[in-house]
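Student: File name start-v4.csv; file contents CSV, N, CA and C atoms; full text below.
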chain,number,residue,atom,x,y,z
A,1,MET,N,-15.6,-20.9,-5.0
A,1,MET,CA,-14.9,-20.2,-6.0
A,1,MET,C,-13.6,-19.6,-5.5
A,2,LEU,N,-12.6,-19.6,-6.3
A,2,LEU,CA,-11.3,-19.2,-5.9
A,2,LEU,C,-11.2,-17.6,-6.0
A,3,ASP,N,-10.7,-17.0,-4.9
A,3,ASP,CA,-10.6,-15.6,-4.8
A,3,ASP,C,-9.1,-15.2,-4.9
A,4,PHE,N,-8.7,-14.6,-6.0
A,4,PHE,CA,-7.3,-14.2,-6.3
A,4,PHE,C,-6.9,-13.0,-5.4
A,5,ARG,N,-7.8,-12.2,-4.9
A,5,ARG,CA,-7.5,-11.1,-4.1
A,5,ARG,C,-8.3,-11.1,-2.7
A,6,PRO,N,-7.9,-12.1,-1.8
A,6,PRO,CA,-8.7,-12.3,-0.6
A,6,PRO,C,-8.4,-11.2,0.5
A,7,HIS,N,-7.3,-10.5,0.3
A,7,HIS,CA,-7.0,-9.5,1.4
A,7,HIS,C,-7.3,-8.1,1.0
A,8,LEU,N,-7.0,-7.2,1.9
A,8,LEU,CA,-7.4,-5.8,1.7
A,8,LEU,C,-6.2,-4.9,2.0
A,9,LEU,N,-5.9,-3.9,1.1
A,9,LEU,CA,-4.9,-2.9,1.3
A,9,LEU,C,-5.6,-1.6,1.4
A,10,LYS,N,-5.3,-0.8,2.5
A,10,LYS,CA,-5.9,0.5,2.6
A,10,LYS,C,-4.8,1.5,2.4
A,11,VAL,N,-5.1,2.5,1.5
A,11,VAL,CA,-4.1,3.5,1.2
A,11,VAL,C,-4.6,4.8,1.7
A,12,ALA,N,-3.7,5.6,2.3
A,12,ALA,CA,-4.0,6.9,2.9
A,12,ALA,C,-4.0,7.9,1.8
A,13,ASN,N,-5.1,8.6,1.5
A,13,ASN,CA,-5.1,9.8,0.6
A,13,ASN,C,-5.2,11.0,1.5
A,14,ILE,N,-4.2,11.9,1.5
A,14,ILE,CA,-4.2,13.1,2.3
A,14,ILE,C,-4.4,14.3,1.5
A,15,THR,N,-5.4,15.1,1.9
A,15,THR,CA,-5.7,16.3,1.2
A,15,THR,C,-5.3,17.5,2.2
A,16,LYS,N,-4.5,18.4,1.6
A,16,LYS,CA,-4.0,19.5,2.4
A,16,LYS,C,-5.1,20.4,2.8
A,17,GLY,N,-5.1,20.9,4.0
A,17,GLY,CA,-6.2,21.7,4.5
A,17,GLY,C,-6.3,23.1,3.9
A,18,GLY,N,-5.2,23.8,3.8
A,18,GLY,CA,-5.2,25.2,3.3
A,18,GLY,C,-5.7,26.2,4.3
A,19,LYS,N,-6.4,27.2,3.8
A,19,LYS,CA,-7.0,28.2,4.7
A,19,LYS,C,-8.4,28.5,4.3
A,20,ASP,N,-9.2,28.9,5.3
A,20,ASP,CA,-10.6,29.2,4.9
A,20,ASP,C,-10.7,30.7,4.5
A,21,ALA,N,-12.0,31.1,4.3
A,21,ALA,CA,-12.2,32.5,3.8
A,21,ALA,C,-11.7,33.6,4.7
A,22,LEU,N,-11.6,33.3,6.0
A,22,LEU,CA,-11.1,34.3,6.9
A,22,LEU,C,-9.5,34.2,7.2
A,23,GLY,N,-8.9,33.2,6.4
A,23,GLY,CA,-7.5,33.1,6.6
A,23,GLY,C,-7.0,32.1,7.7
A,24,GLN,N,-8.0,31.5,8.3
A,24,GLN,CA,-7.7,30.5,9.4
A,24,GLN,C,-7.2,29.2,8.8
A,25,PRO,N,-6.2,28.6,9.3
A,25,PRO,CA,-5.7,27.3,8.8
A,25,PRO,C,-6.7,26.2,9.0
A,26,LEU,N,-6.8,25.4,8.0
A,26,LEU,CA,-7.7,24.2,8.0
A,26,LEU,C,-6.8,22.9,8.2
A,27,SER,N,-7.3,22.0,8.9
A,27,SER,CA,-6.5,20.7,9.1
A,27,SER,C,-6.5,19.9,7.9
A,28,ASP,N,-5.5,19.0,7.7
A,28,ASP,CA,-5.4,18.1,6.6
A,28,ASP,C,-6.5,17.0,6.8
A,29,ILE,N,-7.0,16.5,5.7
A,29,ILE,CA,-8.0,15.4,5.7
A,29,ILE,C,-7.4,14.2,5.2
A,30,GLU,N,-7.5,13.1,6.1
A,30,GLU,CA,-6.9,11.8,5.7
A,30,GLU,C,-8.0,10.8,5.4
A,31,GLN,N,-8.1,10.3,4.2
A,31,GLN,CA,-9.1,9.3,3.9
A,31,GLN,C,-8.4,8.1,3.4
A,32,TRP,N,-9.0,6.9,3.7
A,32,TRP,CA,-8.4,5.6,3.4
A,32,TRP,C,-9.2,5.0,2.2
A,33,GLU,N,-8.5,4.6,1.1
A,33,GLU,CA,-9.0,3.9,0.0
A,33,GLU,C,-8.8,2.4,0.1
A,34,ASP,N,-9.8,1.6,-0.2
A,34,ASP,CA,-9.7,0.2,-0.1
A,34,ASP,C,-9.3,-0.4,-1.5
A,35,VAL,N,-8.3,-1.3,-1.5
A,35,VAL,CA,-7.8,-1.9,-2.7
A,35,VAL,C,-7.7,-3.4,-2.4
A,36,PRO,N,-8.4,-4.3,-3.2
A,36,PRO,CA,-8.3,-5.7,-3.0
A,36,PRO,C,-6.9,-6.2,-3.5
A,37,CYS,N,-6.4,-7.2,-2.7
A,37,CYS,CA,-5.0,-7.7,-3.0
A,37,CYS,C,-4.8,-9.1,-2.5
A,38,ARG,N,-3.6,-9.6,-2.7
A,38,ARG,CA,-3.2,-10.9,-2.1
A,38,ARG,C,-1.8,-10.5,-1.5
A,39,ILE,N,-1.7,-10.8,-0.2
A,39,ILE,CA,-0.5,-10.5,0.6
A,39,ILE,C,0.3,-11.7,0.9
A,40,GLU,N,1.6,-11.7,0.6
A,40,GLU,CA,2.5,-12.8,0.9
A,40,GLU,C,3.6,-12.2,1.8
A,41,ALA,N,3.8,-12.8,2.9
A,41,ALA,CA,4.9,-12.4,3.8
A,41,ALA,C,6.3,-12.8,3.3
A,42,ASN,N,7.3,-12.1,3.5
A,42,ASN,CA,8.7,-12.4,3.1
A,42,ASN,C,9.3,-13.1,4.3
A,43,GLY,N,9.1,-14.4,4.4
A,43,GLY,CA,9.6,-15.2,5.5
A,43,GLY,C,11.0,-15.6,5.4
A,44,SER,N,11.6,-15.5,4.2
A,44,SER,CA,13.0,-15.9,4.0
A,44,SER,C,14.0,-14.8,3.9
A,45,GLY,N,13.6,-13.6,4.2
A,45,GLY,CA,14.6,-12.5,4.2
A,45,GLY,C,15.0,-12.1,2.8
A,46,ASN,N,14.2,-12.4,1.8
A,46,ASN,CA,14.6,-12.0,0.4
A,46,ASN,C,14.7,-10.5,0.2
A,47,GLN,N,15.5,-10.1,-0.8
A,47,GLN,CA,15.6,-8.7,-1.2
A,47,GLN,C,15.0,-8.5,-2.6
A,48,VAL,N,14.6,-7.3,-2.9
A,48,VAL,CA,14.2,-7.0,-4.2
A,48,VAL,C,15.0,-5.8,-4.7
A,49,VAL,N,15.4,-5.8,-6.0
A,49,VAL,CA,16.1,-4.7,-6.6
A,49,VAL,C,15.0,-3.7,-7.2
A,50,TYR,N,14.9,-2.5,-6.7
A,50,TYR,CA,13.9,-1.6,-7.1
A,50,TYR,C,14.4,-0.8,-8.4
A,51,LEU,N,13.5,0.0,-8.9
A,51,LEU,CA,13.9,0.7,-10.2
A,51,LEU,C,15.1,1.7,-10.0
A,52,ASP,N,15.4,2.1,-8.8
A,52,ASP,CA,16.5,2.9,-8.5
A,52,ASP,C,17.8,2.1,-8.5
A,53,GLY,N,17.8,0.8,-8.6
A,53,GLY,CA,18.9,0.0,-8.6
A,53,GLY,C,19.4,-0.5,-7.3
A,54,VAL,N,18.7,-0.1,-6.2
A,54,VAL,CA,19.2,-0.5,-4.9
A,54,VAL,C,18.4,-1.7,-4.4
A,55,ALA,N,19.0,-2.7,-3.8
A,55,ALA,CA,18.4,-3.9,-3.2
A,55,ALA,C,18.0,-3.6,-1.8
A,56,ARG,N,16.8,-3.9,-1.4
A,56,ARG,CA,16.3,-3.7,0.0
A,56,ARG,C,15.5,-4.9,0.4
A,57,ASN,N,15.5,-5.1,1.8
A,57,ASN,CA,14.6,-6.1,2.4
A,57,ASN,C,13.2,-5.5,2.4
A,58,TYR,N,12.2,-6.4,2.4
A,58,TYR,CA,10.8,-6.0,2.5
A,58,TYR,C,10.1,-7.0,3.4
A,59,SER,N,9.0,-6.5,4.0
A,59,SER,CA,8.2,-7.4,4.9
A,59,SER,C,7.1,-8.2,4.1
A,60,TYR,N,6.4,-7.5,3.2
A,60,TYR,CA,5.4,-8.2,2.4
A,60,TYR,C,5.4,-7.8,1.0
A,61,ALA,N,5.1,-8.8,0.1
A,61,ALA,CA,4.9,-8.6,-1.3
A,61,ALA,C,3.4,-8.6,-1.5
A,62,ILE,N,2.9,-7.6,-2.2
A,62,ILE,CA,1.4,-7.5,-2.3
A,62,ILE,C,1.1,-7.5,-3.8
A,63,TYR,N,0.2,-8.5,-4.2
A,63,TYR,CA,-0.2,-8.6,-5.6
A,63,TYR,C,-1.6,-7.9,-5.8
A,64,LEU,N,-1.6,-7.0,-6.8
A,64,LEU,CA,-2.8,-6.2,-7.1
A,64,LEU,C,-3.3,-6.5,-8.5
A,65,ASN,N,-4.5,-6.0,-8.8
A,65,ASN,CA,-5.0,-6.1,-10.1
A,65,ASN,C,-4.1,-5.2,-11.0
A,66,GLN,N,-4.0,-5.6,-12.3
A,66,GLN,CA,-3.1,-4.9,-13.2
A,66,GLN,C,-3.6,-3.4,-13.5
A,67,ASP,N,-4.9,-3.2,-13.4
A,67,ASP,CA,-5.4,-1.8,-13.6
A,67,ASP,C,-5.5,-1.0,-12.4
A,68,CYS,N,-4.8,-1.3,-11.3
A,68,CYS,CA,-4.9,-0.6,-10.1
A,68,CYS,C,-4.2,0.8,-10.3
A,69,ARG,N,-4.4,1.7,-9.3
A,69,ARG,CA,-3.8,3.0,-9.3
A,69,ARG,C,-2.3,2.9,-9.2
A,70,GLU,N,-1.6,3.9,-9.5
A,70,GLU,CA,-0.1,4.0,-9.4
A,70,GLU,C,0.2,4.3,-8.0
A,71,PHE,N,1.2,3.6,-7.4
A,71,PHE,CA,1.7,3.8,-6.0
A,71,PHE,C,3.0,4.5,-6.1
A,72,ARG,N,3.2,5.4,-5.2
A,72,ARG,CA,4.5,6.2,-5.0
A,72,ARG,C,5.2,5.6,-3.8
A,73,ARG,N,6.5,5.6,-3.9
A,73,ARG,CA,7.4,5.2,-2.8
A,73,ARG,C,7.2,6.2,-1.7
A,74,GLY,N,7.0,5.7,-0.5
A,74,GLY,CA,6.8,6.5,0.7
A,74,GLY,C,5.3,6.6,1.1
A,75,GLU,N,4.4,6.2,0.3
A,75,GLU,CA,3.0,6.3,0.7
A,75,GLU,C,2.7,5.4,1.9
A,76,LYS,N,1.7,5.8,2.7
A,76,LYS,CA,1.3,5.0,3.9
A,76,LYS,C,0.2,4.0,3.5
A,77,VAL,N,0.3,2.7,3.9
A,77,VAL,CA,-0.7,1.7,3.6
A,77,VAL,C,-0.9,0.9,4.9
A,78,ARG,N,-2.0,0.3,5.0
A,78,ARG,CA,-2.3,-0.7,6.0
A,78,ARG,C,-2.8,-2.0,5.3
A,79,LEU,N,-2.4,-3.1,5.9
A,79,LEU,CA,-2.7,-4.4,5.3
A,79,LEU,C,-3.7,-5.2,6.2
A,80,PHE,N,-4.7,-5.8,5.6
A,80,PHE,CA,-5.8,-6.5,6.4
A,80,PHE,C,-5.9,-7.9,5.8
A,81,GLY,N,-6.2,-8.8,6.7
A,81,GLY,CA,-6.3,-10.2,6.4
A,81,GLY,C,-7.7,-10.6,5.9
A,82,LEU,N,-8.0,-11.9,6.0
A,82,LEU,CA,-9.3,-12.4,5.4
A,82,LEU,C,-10.5,-11.8,6.0
A,83,VAL,N,-10.5,-11.6,7.3
A,83,VAL,CA,-11.7,-11.2,8.0
A,83,VAL,C,-11.5,-9.7,8.6
A,84,ASP,N,-10.9,-8.9,7.8
A,84,ASP,CA,-10.7,-7.5,8.2
A,84,ASP,C,-9.9,-7.3,9.4
A,85,VAL,N,-9.0,-8.3,9.7
A,85,VAL,CA,-8.1,-8.2,10.8
A,85,VAL,C,-6.7,-7.7,10.3
A,86,GLU,N,-6.3,-6.6,10.9
A,86,GLU,CA,-5.0,-6.0,10.4
A,86,GLU,C,-3.8,-6.8,10.8
A,87,LEU,N,-2.9,-6.9,9.8
A,87,LEU,CA,-1.7,-7.7,10.0
A,87,LEU,C,-0.7,-7.0,11.0
A,88,LYS,N,0.0,-7.8,11.8
A,88,LYS,CA,1.0,-7.3,12.7
A,88,LYS,C,0.4,-6.1,13.6
A,89,GLY,N,-0.7,-6.3,14.1
A,89,GLY,CA,-1.3,-5.3,15.0
A,89,GLY,C,-1.7,-4.1,14.3
A,90,ASP,N,-1.7,-3.0,15.0
A,90,ASP,CA,-2.1,-1.7,14.4
A,90,ASP,C,-0.9,-1.0,13.8
A,91,LYS,N,-0.4,-1.4,12.7
A,91,LYS,CA,0.8,-0.9,12.1
A,91,LYS,C,0.7,-0.5,10.7
A,92,GLN,N,1.2,0.7,10.4
A,92,GLN,CA,1.2,1.2,9.0
A,92,GLN,C,2.5,0.8,8.4
A,93,PHE,N,2.4,0.6,7.1
A,93,PHE,CA,3.6,0.3,6.3
A,93,PHE,C,3.9,1.4,5.3
A,94,GLU,N,5.1,1.5,4.9
A,94,GLU,CA,5.5,2.4,3.9
A,94,GLU,C,5.8,1.7,2.6
A,95,VAL,N,5.3,2.2,1.4
A,95,VAL,CA,5.6,1.6,0.1
A,95,VAL,C,7.1,1.7,-0.2
A,96,LEU,N,7.7,0.6,-0.5
A,96,LEU,CA,9.1,0.6,-0.8
A,96,LEU,C,9.3,0.5,-2.3
A,97,GLY,N,8.4,-0.1,-3.0
A,97,GLY,CA,8.5,-0.2,-4.5
A,97,GLY,C,7.2,-0.6,-5.1
A,98,PHE,N,7.0,-0.3,-6.4
A,98,PHE,CA,5.8,-0.7,-7.1
A,98,PHE,C,6.2,-1.0,-8.5
A,99,PHE,N,5.6,-2.1,-9.1
A,99,PHE,CA,5.9,-2.4,-10.5
A,99,PHE,C,4.6,-3.0,-11.1
A,100,ARG,N,4.3,-2.6,-12.3
A,100,ARG,CA,3.2,-3.1,-13.0
A,100,ARG,C,3.6,-4.2,-14.0
A,101,ASN,N,3.1,-5.4,-13.9
A,101,ASN,CA,3.5,-6.5,-14.8
A,101,ASN,C,2.4,-6.6,-15.9
A,102,GLN,N,2.5,-7.6,-16.7
A,102,GLN,CA,1.5,-7.7,-17.8
A,102,GLN,C,0.2,-8.2,-17.3
A,103,LEU,N,0.2,-9.1,-16.3
A,103,LEU,CA,-1.1,-9.6,-15.8
A,103,LEU,C,-1.5,-9.1,-14.4
A,104,ASN,N,-0.6,-8.5,-13.7
A,104,ASN,CA,-0.9,-8.0,-12.3
A,104,ASN,C,0.1,-6.8,-12.0
A,105,ALA,N,-0.1,-6.3,-10.8
A,105,ALA,CA,0.9,-5.3,-10.3
A,105,ALA,C,1.4,-5.8,-9.0
A,106,ARG,N,2.6,-5.4,-8.6
A,106,ARG,CA,3.2,-5.9,-7.4
A,106,ARG,C,3.7,-4.7,-6.6
A,107,LEU,N,3.5,-4.7,-5.3
A,107,LEU,CA,3.9,-3.7,-4.4
A,107,LEU,C,4.7,-4.3,-3.3
A,108,TRP,N,5.7,-3.6,-2.8
A,108,TRP,CA,6.5,-4.1,-1.7
A,108,TRP,C,6.5,-3.2,-0.5
A,109,VAL,N,6.3,-3.7,0.7
A,109,VAL,CA,6.3,-2.8,1.9
A,109,VAL,C,7.2,-3.4,2.9
What is this file in structure tokens?
Tutor:
Amino acid sequence: MLDFRPHLLKVANITKGGKDALGQPLSDIEQWEDVPCRIEANGSGNQVVYLDGVARNYSYAIYLNQDCREFRRGEKVRLFGLVDVELKGDKQFEVLGFFRNQLNARLWV
């Protein structure tokens, strides 16, 4: 059977720590959310024009389900291959742009 989303995107959700009942600072909590996707490398040095009108280079174009969550520019993500092997070593990427199409959503990092 054909799998349209064979890869995995992990998104960092950061919850601010705040202070406890005694006023002591609490550390921030970082949790990773798994999102199925299809990852395509930008091997030809293409650029994409984002909603702010500026063209930028990107490393990967990531195709997501149309009903996925909204991504903000600057969010931290990690990309994983077919067998949970992280792409390009242990590297985090920053979201450069996000656009929701009629049949899918696309993310650039």
Student: Do you have the atom N of Glu40 (chain A)-atom N of Thr15 (chain A) distance handy?
Tutor: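 Pair atom N of Glu40 (chain A) / atom N of Thr15 (chain A) returns 27.7 Å.
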Student: Show which residues sit within 8 Å of Tyr50 (chain A), as an MDAnalysis selection string. Count all atoms listed in the file, and ignore same-chain residues fewer than 6 positions away.
Tutor: chainID A and resid 56 96:98
Student: Can you pull out every residue from chain A that DSSP, working from the backbone, puts in strand (DSSP E), and format the result as a short mmCIF file (atom, residue, chain, number, x, y, z; two decimals) with N, CA and C atoms, in the coordinates of the input?
Tutor:
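Produced file out.cif, reproduced below:
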data_model
loop_
_atom_site.label_atom_id
_atom_site.label_comp_id
_atom_site.auth_asym_id
_atom_site.auth_seq_id
_atom_site.Cartn_x
_atom_site.Cartn_y
_atom_site.Cartn_z
N HIS A 7 -7.30 -10.50 0.30
CA HIS A 7 -7.00 -9.50 1.40
C HIS A 7 -7.30 -8.10 1.00
N LEU A 8 -7.00 -7.20 1.90
CA LEU A 8 -7.40 -5.80 1.70
C LEU A 8 -6.20 -4.90 2.00
N LEU A 9 -5.90 -3.90 1.10
CA LEU A 9 -4.90 -2.90 1.30
C LEU A 9 -5.60 -1.60 1.40
N LYS A 10 -5.30 -0.80 2.50
CA LYS A 10 -5.90 0.50 2.60
C LYS A 10 -4.80 1.50 2.40
N VAL A 11 -5.10 2.50 1.50
CA VAL A 11 -4.10 3.50 1.20
C VAL A 11 -4.60 4.80 1.70
N ALA A 12 -3.70 5.60 2.30
CA ALA A 12 -4.00 6.90 2.90
C ALA A 12 -4.00 7.90 1.80
N ASN A 13 -5.10 8.60 1.50
CA ASN A 13 -5.10 9.80 0.60
C ASN A 13 -5.20 11.00 1.50
N ILE A 14 -4.20 11.90 1.50
CA ILE A 14 -4.20 13.10 2.30
C ILE A 14 -4.40 14.30 1.50
N THR A 15 -5.40 15.10 1.90
CA THR A 15 -5.70 16.30 1.20
C THR A 15 -5.30 17.50 2.20
N ILE A 29 -7.00 16.50 5.70
CA ILE A 29 -8.00 15.40 5.70
C ILE A 29 -7.40 14.20 5.20
N GLU A 30 -7.50 13.10 6.10
CA GLU A 30 -6.90 11.80 5.70
C GLU A 30 -8.00 10.80 5.40
N GLN A 31 -8.10 10.30 4.20
CA GLN A 31 -9.10 9.30 3.90
C GLN A 31 -8.40 8.10 3.40
N TRP A 32 -9.00 6.90 3.70
CA TRP A 32 -8.40 5.60 3.40
C TRP A 32 -9.20 5.00 2.20
N GLU A 33 -8.50 4.60 1.10
CA GLU A 33 -9.00 3.90 0.00
C GLU A 33 -8.80 2.40 0.10
N ASP A 34 -9.80 1.60 -0.20
CA ASP A 34 -9.70 0.20 -0.10
C ASP A 34 -9.30 -0.40 -1.50
N VAL A 35 -8.30 -1.30 -1.50
CA VAL A 35 -7.80 -1.90 -2.70
C VAL A 35 -7.70 -3.40 -2.40
N PRO A 36 -8.40 -4.30 -3.20
CA PRO A 36 -8.30 -5.70 -3.00
C PRO A 36 -6.90 -6.20 -3.50
N CYS A 37 -6.40 -7.20 -2.70
CA CYS A 37 -5.00 -7.70 -3.00
C CYS A 37 -4.80 -9.10 -2.50
N ARG A 38 -3.60 -9.60 -2.70
CA ARG A 38 -3.20 -10.90 -2.10
C ARG A 38 -1.80 -10.50 -1.50
N ILE A 39 -1.70 -10.80 -0.20
CA ILE A 39 -0.50 -10.50 0.60
C ILE A 39 0.30 -11.70 0.90
N GLU A 40 1.60 -11.70 0.60
CA GLU A 40 2.50 -12.80 0.90
C GLU A 40 3.60 -12.20 1.80
N ALA A 41 3.80 -12.80 2.90
CA ALA A 41 4.90 -12.40 3.80
C ALA A 41 6.30 -12.80 3.30
N GLN A 47 15.50 -10.10 -0.80
CA GLN A 47 15.60 -8.70 -1.20
C GLN A 47 15.00 -8.50 -2.60
N VAL A 48 14.60 -7.30 -2.90
CA VAL A 48 14.20 -7.00 -4.20
C VAL A 48 15.00 -5.80 -4.70
N VAL A 49 15.40 -5.80 -6.00
CA VAL A 49 16.10 -4.70 -6.60
C VAL A 49 15.00 -3.70 -7.20
N ALA A 55 19.00 -2.70 -3.80
CA ALA A 55 18.40 -3.90 -3.20
C ALA A 55 18.00 -3.60 -1.80
N ARG A 56 16.80 -3.90 -1.40
CA ARG A 56 16.30 -3.70 0.00
C ARG A 56 15.50 -4.90 0.40
N ASN A 57 15.50 -5.10 1.80
CA ASN A 57 14.60 -6.10 2.40
C ASN A 57 13.20 -5.50 2.40
N TYR A 60 6.40 -7.50 3.20
CA TYR A 60 5.40 -8.20 2.40
C TYR A 60 5.40 -7.80 1.00
N ALA A 61 5.10 -8.80 0.10
CA ALA A 61 4.90 -8.60 -1.30
C ALA A 61 3.40 -8.60 -1.50
N ILE A 62 2.90 -7.60 -2.20
CA ILE A 62 1.40 -7.50 -2.30
C ILE A 62 1.10 -7.50 -3.80
N TYR A 63 0.20 -8.50 -4.20
CA TYR A 63 -0.20 -8.60 -5.60
C TYR A 63 -1.60 -7.90 -5.80
N LEU A 64 -1.60 -7.00 -6.80
CA LEU A 64 -2.80 -6.20 -7.10
C LEU A 64 -3.30 -6.50 -8.50
N ASN A 65 -4.50 -6.00 -8.80
CA ASN A 65 -5.00 -6.10 -10.10
C ASN A 65 -4.10 -5.20 -11.00
N LYS A 76 1.70 5.80 2.70
CA LYS A 76 1.30 5.00 3.90
C LYS A 76 0.20 4.00 3.50
N VAL A 77 0.30 2.70 3.90
CA VAL A 77 -0.70 1.70 3.60
C VAL A 77 -0.90 0.90 4.90
N ARG A 78 -2.00 0.30 5.00
CA ARG A 78 -2.30 -0.70 6.00
C ARG A 78 -2.80 -2.00 5.30
N LEU A 79 -2.40 -3.10 5.90
CA LEU A 79 -2.70 -4.40 5.30
C LEU A 79 -3.70 -5.20 6.20
N PHE A 80 -4.70 -5.80 5.60
CA PHE A 80 -5.80 -6.50 6.40
C PHE A 80 -5.90 -7.90 5.80
N PHE A 93 2.40 0.60 7.10
CA PHE A 93 3.60 0.30 6.30
C PHE A 93 3.90 1.40 5.30
N GLU A 94 5.10 1.50 4.90
CA GLU A 94 5.50 2.40 3.90
C GLU A 94 5.80 1.70 2.60
N GLY A 97 8.40 -0.10 -3.00
CA GLY A 97 8.50 -0.20 -4.50
C GLY A 97 7.20 -0.60 -5.10
N PHE A 98 7.00 -0.30 -6.40
CA PHE A 98 5.80 -0.70 -7.10
C PHE A 98 6.20 -1.00 -8.50
N PHE A 99 5.60 -2.10 -9.10
CA PHE A 99 5.90 -2.40 -10.50
C PHE A 99 4.60 -3.00 -11.10
N ARG A 100 4.30 -2.60 -12.30
CA ARG A 100 3.20 -3.10 -13.00
C ARG A 100 3.60 -4.20 -14.00
N ASN A 104 -0.60 -8.50 -13.70
CA ASN A 104 -0.90 -8.00 -12.30
C ASN A 104 0.10 -6.80 -12.00
N ALA A 105 -0.10 -6.30 -10.80
CA ALA A 105 0.90 -5.30 -10.30
C ALA A 105 1.40 -5.80 -9.00
N ARG A 106 2.60 -5.40 -8.60
CA ARG A 106 3.20 -5.90 -7.40
C ARG A 106 3.70 -4.70 -6.60
N LEU A 107 3.50 -4.70 -5.30
CA LEU A 107 3.90 -3.70 -4.40
C LEU A 107 4.70 -4.30 -3.30
N TRP A 108 5.70 -3.60 -2.80
CA TRP A 108 6.50 -4.10 -1.70
C TRP A 108 6.50 -3.20 -0.50
#
Student: Would you kindly return, as a PyMOL selection string, each protein, DNA or RNA residue with an atom no farther than 8 Å from any atom of Lys10 (chain A), considering only N, CA and C atoms and excluding same-chain residues fewer than 5 positions away?
Tutor: chain A and resi 31-36+76-80
Student: Anything within 8 Å of (-5.4, -2.3, -13.1): list those residues as a list in words, counting all atoms listed in the file and sticking to the file's coordinates.
Tutor: Leu64, Asn65, Gln66, Asp67, Cys68, Arg69, Leu103, Asn104 and Ala105 of chain A
Student: Could those selected residues go to a file with N, CA and C atoms, as a PDB file, in the coordinates of the input?
Tutor:
ATOM      1  N   LEU A  64      -1.600  -7.000  -6.800  1.00  0.00           N
ATOM      2  CA  LEU A  64      -2.800  -6.200  -7.100  1.00  0.00           C
ATOM      3  C   LEU A  64      -3.300  -6.500  -8.500  1.00  0.00           C
ATOM      4  N   ASN A  65      -4.500  -6.000  -8.800  1.00  0.00           N
ATOM      5  CA  ASN A  65      -5.000  -6.100 -10.100  1.00  0.00           C
ATOM      6  C   ASN A  65      -4.100  -5.200 -11.000  1.00  0.00           C
ATOM      7  N   GLN A  66      -4.000  -5.600 -12.300  1.00  0.00           N
ATOM      8  CA  GLN A  66      -3.100  -4.900 -13.200  1.00  0.00           C
ATOM      9  C   GLN A  66      -3.600  -3.400 -13.500  1.00  0.00           C
ATOM     10  N   ASP A  67      -4.900  -3.200 -13.400  1.00  0.00           N
ATOM     11  CA  ASP A  67      -5.400  -1.800 -13.600  1.00  0.00           C
ATOM     12  C   ASP A  67      -5.500  -1.000 -12.400  1.00  0.00           C
ATOM     13  N   CYS A  68      -4.800  -1.300 -11.300  1.00  0.00           N
ATOM     14  CA  CYS A  68      -4.900  -0.600 -10.100  1.00  0.00           C
ATOM     15  C   CYS A  68      -4.200   0.800 -10.300  1.00  0.00           C
ATOM     16  N   ARG A  69      -4.400   1.700  -9.300  1.00  0.00           N
ATOM     17  CA  ARG A  69      -3.800   3.000  -9.300  1.00  0.00           C
ATOM     18  C   ARG A  69      -2.300   2.900  -9.200  1.00  0.00           C
ATOM     19  N   LEU A 103       0.200  -9.100 -16.300  1.00  0.00           N
ATOM     20  CA  LEU A 103      -1.100  -9.600 -15.800  1.00  0.00           C
ATOM     21  C   LEU A 103      -1.500  -9.100 -14.400  1.00  0.00           C
ATOM     22  N   ASN A 104      -0.600  -8.500 -13.700  1.00  0.00           N
ATOM     23  CA  ASN A 104      -0.900  -8.000 -12.300  1.00  0.00           C
ATOM     24  C   ASN A 104       0.100  -6.800 -12.000  1.00  0.00           C
ATOM     25  N   ALA A 105      -0.100  -6.300 -10.800  1.00  0.00           N
ATOM     26  CA  ALA A 105       0.900  -5.300 -10.300  1.00  0.00           C
ATOM     27  C   ALA A 105       1.400  -5.800  -9.000  1.00  0.00           C
TER      28      ALA A 105
END
Student: Of the residues A:Gly45, A:Gly18, A:Pro6, A:Gly74, which is the one nearest to Val109 (chain A), using only C-alpha atoms?
Tutor: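 Of the candidates, the smallest distance to Val109 (chain A) is held by A:Gly74.
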Student: Determine the nearest neighbour of Ala41 (chain A) from the options A:Ala21, A:Ala61, A:Val95, A:Ile14, counting all atoms listed in the file.
Tutor: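 For Ala41 (chain A), the nearest of the given residues is A:Ala61.
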Student: Rounded to one decimal, what separation in Å do you get between atom N of Ser44 (chain A) and atom N of Ser59 (chain A)?
Tutor: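 Between atom N of Ser44 (chain A) and atom N of Ser59 (chain A) the gap is 9.4 Å.
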Student: Would you compute the distance between atom C of Phe71 (chain A) and atom C of Ile39 (chain A)? Give it in Å to one decimal.
Tutor: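 Taking atom C of Phe71 (chain A) and atom C of Ile39 (chain A), their separation equals 17.9 Å.
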Student: From the options A:Glu75, A:Gly53, A:Arg106, A:Cys37, which residue's atoms come nearest to Gln92 (chain A), counting only C-alpha atoms?
Tutor: A:Glu75
Student: Could you tell me which of A:Phe93, A:Asn101, A:Arg73, A:Phe4 comes closest to Asp52 (chain A) if we count only C-alpha atoms?
Tutor: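 Closest candidate: A:Arg73.
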